[in-house]
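Reading through the structure tokens given below for one structure.
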Amino acid sequence: MATGAFDFRNNLRYCTEADLSKDLSGRAAVVTGASSGIGRCVSTQLVRQGCKVYLAGRDKEKLKRVAKELGERARVLYVDFSDLTTVKAAAQELLGSLTKLDYLVNNAGTYNHPHACTKQGHEWHMGVNHLGAVLFTLLLTPLLIKSAPARVVLTSSALHYSTGGRGRKLGYIDWEDWNWITRNYERELAMTQSMLANVMWATEYAERFGQQGITAVSVHPGCVSTGAQRHMLGEGCYASCFKCFLKWGIRMIDVWPGSQSTLYALLSDDVPNHNGGHFAQAYSPVLPFGEPVYETKDQDSGGWPMAEPLPFARDPVNRARLWKLSEDAVRFFLDRA
């Protein structure tokens, strides 16, 4: 095939058949955001390989339908990351019913959400995408250590690097106003901040718990066609047309290739050699008129793992500061665990 706008689809990364056929009998996983999209796809694959999977999410009816399709190895777990009370309750339920936990996939998230606050008053993207995952992971860490070797995956995005586009801003965290109290609200920058937080926190978590047998990484699934874009797309004919544009103009991919980075992070024997790394599907989103999110085409092609291109994220002082800020934000629920 000649090189061109659509040639990138031949370069997407996929897990090996060996990894996708591993026997996971006797292992247990928790996948958040499991009612649809990547979470459902990852859960389905793990169940096929013999793993017991807790399908975690806020839509109980959808989760029940998925569990019915997947069979006896699937369980339903209610959790709403916009309310940390439910996060704690879900973790306590797991701690009371599981004797081991091999895989924790923090996949639940939101994209381009209108300005809103979570139940505990945090900016919506930071609360749902980051702080919910932080609390859930910290509460389950004793069980993960007991179950070692164990793996933790946090979903992020190429947009942790920049907001993209001609007026793009490189990713950073506003330490003084990460809840957007004094700044004018920018949806995309708020989402970027939460995705960057996940990349940095996964690395810091790996530093702190890697010696106890936990491998923690962040992943960029690619620009995937899921329900996460609903706040950006809306409904109706316009939304359908825009989805077509996203698929062909911004390299949007389907759920199966979009699940590969997460599955690789869970299944590949090589991943523990890159603890704290960032695993990115090939070809990150490209904005209209050929403007990439990253600076170079080599970076745009991703990597398993990918060398972190953002100096802010590589700085251990920034990671430690994020750790404390995140821990302080959920401390009320940790102290009463």
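Note on naming: chains are A, B, ... as they come in the structure tokens, residues start from 1 per chain, ligands start from 1 in the order shown.
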(request) From the DSSP assignment of the backbone, select every residue of stretch 53-270 of chain A that is strand (DSSP E), and format the answer as a list in words. (result) Val53, Tyr54, Leu55, Ala56, Gly57, Ala74, Arg75, Val76, Leu77, Tyr78, Tyr103, Leu104, Val105, Asn106, Ala150, Arg151, Val152, Val153, Leu154, Thr155, Ile214, Thr215, Ala216, Val217, Ser218, Val219 and His220 of chain A
(message) If we count only C-alpha atoms and set the cut-off at 10 Å, which residues sit around A:Leu139, ignoring sequence neighbours fewer than 3 positions away in its own chain? Please answer as number ranges by chain.
(response) A: 87-88, 90-92, 94-95, 133-136, 142-144, 333-334, 337
Could you turn the residues from that selection into a file that holds C-alpha atoms, as a PDB file, in the first residue's frame?
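Once written, selection00.pdb looks like this:
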```
ATOM      1  CA  VAL A  87     -15.052   4.022  45.725  1.00  0.00           C
ATOM      2  CA  LYS A  88     -14.337   3.168  49.334  1.00  0.00           C
ATOM      3  CA  ALA A  90     -16.376  -0.946  46.382  1.00  0.00           C
ATOM      4  CA  ALA A  91     -12.851  -1.462  47.692  1.00  0.00           C
ATOM      5  CA  GLN A  92     -14.190  -2.758  51.001  1.00  0.00           C
ATOM      6  CA  LEU A  94     -13.488  -6.520  47.219  1.00  0.00           C
ATOM      7  CA  LEU A  95     -11.317  -6.793  50.318  1.00  0.00           C
ATOM      8  CA  ALA A 133      -8.346   5.761  40.671  1.00  0.00           C
ATOM      9  CA  VAL A 134      -5.893   6.943  43.325  1.00  0.00           C
ATOM     10  CA  LEU A 135      -8.220   6.105  46.210  1.00  0.00           C
ATOM     11  CA  PHE A 136      -9.293   2.792  44.693  1.00  0.00           C
ATOM     12  CA  PRO A 142      -2.505  -4.330  50.677  1.00  0.00           C
ATOM     13  CA  LEU A 143      -4.348  -7.016  48.700  1.00  0.00           C
ATOM     14  CA  LEU A 144      -2.183  -6.382  45.630  1.00  0.00           C
ATOM     15  CA  PHE A 333     -11.382   8.070  53.043  1.00  0.00           C
ATOM     16  CA  LEU A 334      -7.951   6.534  53.636  1.00  0.00           C
ATOM     17  CA  ALA A 337     -10.359   2.570  55.781  1.00  0.00           C
TER      18      ALA A 337
END
```
(message) List as an MDAnalysis selection string the protein and nucleic acid residues near stretch 319-324 of chain A, meaning an atom at most 12 Å away when only C-alpha atoms are counted, but skip any in the same chain fewer than 4 places from it.
(response) chainID A and resid 126 130:131 134:135 138 172:176 178 193:194 196:208 276 311:315 328:331
(request) Compile the contact shell of A:Gly57 as a VMD selection string: residues with an atom at most 9 Å away, counting only C-alpha atoms, same-chain residues fewer than 2 positions apart removed. (result) chain A and resid 31 to 35 55 59 to 60 62 to 63 76 to 81 108
Those same residues, written as an mmCIF file, in the first residue's frame with C-alpha atoms?
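Once everything was written out, this is again16.cif:
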```cif
data_model
loop_
_atom_site.group_PDB
_atom_site.id
_atom_site.type_symbol
_atom_site.label_atom_id
_atom_site.label_comp_id
_atom_site.auth_asym_id
_atom_site.auth_seq_id
_atom_site.Cartn_x
_atom_site.Cartn_y
_atom_site.Cartn_z
ATOM 1 C CA VAL A 31 -11.732 -3.515 35.508
ATOM 2 C CA THR A 32 -13.406 -0.144 35.966
ATOM 3 C CA GLY A 33 -15.558 1.343 33.237
ATOM 4 C CA ALA A 34 -16.387 -2.210 32.199
ATOM 5 C CA SER A 35 -19.904 -1.698 30.869
ATOM 6 C CA LEU A 55 -16.891 -5.568 36.148
ATOM 7 C CA ASP A 59 -24.498 1.592 35.458
ATOM 8 C CA LYS A 60 -25.621 -1.567 37.230
ATOM 9 C CA LYS A 62 -25.434 -2.435 31.758
ATOM 10 C CA LEU A 63 -22.936 -4.267 33.931
ATOM 11 C CA VAL A 76 -20.694 -6.916 38.988
ATOM 12 C CA LEU A 77 -19.213 -4.230 41.239
ATOM 13 C CA TYR A 78 -20.896 -0.854 41.646
ATOM 14 C CA VAL A 79 -18.586 2.153 41.803
ATOM 15 C CA ASP A 80 -18.954 5.763 40.724
ATOM 16 C CA PHE A 81 -15.637 7.580 40.559
ATOM 17 C CA ALA A 108 -13.078 4.485 33.932
#
```
(message) Measuring between only C-alpha atoms, which one of A:Asn129, A:Gly37, A:Val30, A:Ala67 shows the shortest distance to A:Glu93?
(response)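 Answer, going by the shortest atom-to-atom distance: A:Val30.
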(message) Write out as a VMD selection string the set of residues from stretch 98-179 of chain A that DSSP, computed on the backbone, places in alpha helix (DSSP H).
(response) chain A and resid 124 to 125 132 to 146
Keeping N, CA and C atoms, export the residues of the selection given above as a compact mmCIF listing (two decimals), in the first residue's frame.
```
# COMPACT_ATOMS: atom_id res chain seq x y z
N TRP A 124 -14.27 17.96 37.77
CA TRP A 124 -14.81 16.68 37.29
C TRP A 124 -13.75 15.77 36.70
N HIS A 125 -12.92 16.28 35.78
CA HIS A 125 -11.92 15.43 35.14
C HIS A 125 -10.90 14.91 36.16
N GLY A 132 -10.35 9.27 41.82
CA GLY A 132 -11.07 8.02 42.04
C GLY A 132 -10.15 6.82 41.91
N ALA A 133 -9.30 6.85 40.88
CA ALA A 133 -8.35 5.76 40.67
C ALA A 133 -7.30 5.72 41.78
N VAL A 134 -6.87 6.88 42.24
CA VAL A 134 -5.89 6.94 43.32
C VAL A 134 -6.44 6.28 44.58
N LEU A 135 -7.64 6.68 45.00
CA LEU A 135 -8.22 6.11 46.21
C LEU A 135 -8.45 4.61 46.05
N PHE A 136 -9.00 4.20 44.94
CA PHE A 136 -9.29 2.79 44.69
C PHE A 136 -8.01 1.96 44.78
N THR A 137 -6.96 2.46 44.13
CA THR A 137 -5.69 1.73 44.11
C THR A 137 -5.06 1.67 45.49
N LEU A 138 -5.04 2.78 46.21
CA LEU A 138 -4.42 2.78 47.53
C LEU A 138 -5.16 1.87 48.50
N LEU A 139 -6.48 1.86 48.43
CA LEU A 139 -7.25 0.98 49.32
C LEU A 139 -7.02 -0.49 49.01
N LEU A 140 -6.76 -0.80 47.74
CA LEU A 140 -6.55 -2.19 47.33
C LEU A 140 -5.08 -2.61 47.37
N THR A 141 -4.19 -1.68 47.66
CA THR A 141 -2.76 -1.99 47.64
C THR A 141 -2.36 -3.13 48.59
N PRO A 142 -2.87 -3.19 49.82
CA PRO A 142 -2.50 -4.33 50.68
C PRO A 142 -2.84 -5.68 50.04
N LEU A 143 -3.97 -5.77 49.37
CA LEU A 143 -4.35 -7.02 48.70
C LEU A 143 -3.45 -7.28 47.50
N LEU A 144 -3.09 -6.23 46.77
CA LEU A 144 -2.18 -6.38 45.63
C LEU A 144 -0.81 -6.87 46.09
N ILE A 145 -0.33 -6.33 47.19
CA ILE A 145 0.97 -6.78 47.73
C ILE A 145 0.88 -8.24 48.16
N LYS A 146 -0.20 -8.59 48.82
CA LYS A 146 -0.41 -9.98 49.24
C LYS A 146 -0.45 -10.92 48.05
```
(message) At a cut-off of 7 Å, using only C-alpha atoms, what residues contact stretch 13-27 of chain A? Leave out same-chain residues fewer than 6 positions from it and give the result as an NGL selection string.
(response) :A and (49-52 or 102 or 257 or 260 or 264 or 267-268 or 281-282)
Could you write out the selected residues, including C-alpha atoms, as a tab-separated table (two decimals), in the first residue's frame?
```tsv
chain	number	residue	atom	x	y	z
A	49	GLN	CA	-8.52	-16.62	29.09
A	50	GLY	CA	-9.98	-18.00	32.31
A	51	CYS	CA	-9.67	-14.98	34.61
A	52	LYS	CA	-12.35	-14.05	37.13
A	102	ASP	CA	-3.76	-10.05	40.21
A	257	PRO	CA	-6.92	-2.01	18.70
A	260	GLN	CA	-4.23	-3.54	23.01
A	264	TYR	CA	-0.28	-5.81	26.71
A	267	LEU	CA	-0.29	-9.94	29.79
A	268	SER	CA	3.21	-9.35	28.47
A	281	GLN	CA	-0.72	2.66	20.94
A	282	ALA	CA	0.82	3.60	17.60
```
(request) Counting only C-alpha atoms, figure out which residue out of A:Val105, A:Val271, A:Val153, A:Leu84 gets nearest to A:Gly121. (result)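 Checking each candidate against A:Gly121, we get A:Leu84 as the closest.
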(request) Can you work out which one of A:Ala28, A:Ile181, A:Asp83, A:Phe279 has the shortest atom-to-atom distance to A:Ser97, counting only C-alpha atoms? (result) A:Ala28
(request) Rounded to one decimal place, report the atom CA of A:Cys117-atom CA of A:Trp180 distance in Å. (result) 10.0 Å
(message) Set the distance at 9 Å and use only C-alpha atoms: which residues neighbour stretch 300-309 of chain A once local chain neighbours fewer than 3 positions away are removed? I'd like the list as a count of residues only.
(response) 31
(message) My list of candidates is A:Glu61, A:Pro272, A:Gln211, A:Ser259. Which is closest to A:Leu46 when distances are computed with only C-alpha atoms?
(response)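 When distances to A:Leu46 are compared using only C-alpha atoms, the smallest one comes from A:Ser259.
Note that the spacing between atom CA of A:Gly258 and atom CA of A:His160 amounts to 16.9 Å.
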(request) Can you pull out every residue within 9 Å of A:Ala148, counting only C-alpha atoms, but drop anything in the same chain fewer than 5 positions away, and send it as number ranges by chain? (result) A: 100-102, 143, 212-214
Please save N, CA and C atoms of the selected residues as a CSV table (one decimal), in the first residue's frame.
```csv
chain,number,residue,atom,x,y,z
A,100,LYS,N,-7.1,-12.8,46.7
A,100,LYS,CA,-6.0,-12.3,45.9
A,100,LYS,C,-6.6,-11.4,44.7
A,101,LEU,N,-5.7,-10.5,44.3
A,101,LEU,CA,-6.1,-9.6,43.2
A,101,LEU,C,-4.8,-9.5,42.3
A,102,ASP,N,-4.9,-10.0,41.1
A,102,ASP,CA,-3.8,-10.0,40.2
A,102,ASP,C,-3.7,-8.8,39.3
A,143,LEU,N,-4.0,-5.8,49.4
A,143,LEU,CA,-4.3,-7.0,48.7
A,143,LEU,C,-3.5,-7.3,47.5
A,212,GLN,N,7.8,-4.4,46.2
A,212,GLN,CA,6.8,-5.3,46.9
A,212,GLN,C,6.0,-6.1,45.9
A,213,GLY,N,6.5,-6.1,44.7
A,213,GLY,CA,5.9,-7.0,43.7
A,213,GLY,C,4.8,-6.5,42.8
A,214,ILE,N,4.6,-5.2,42.8
A,214,ILE,CA,3.6,-4.6,42.0
A,214,ILE,C,4.2,-3.9,40.8
```
(message) Counting only C-alpha atoms, which residue out of A:Arg151, A:Arg58, A:Arg187, A:Arg65 sits closest to A:His113?
(response) A:Arg187
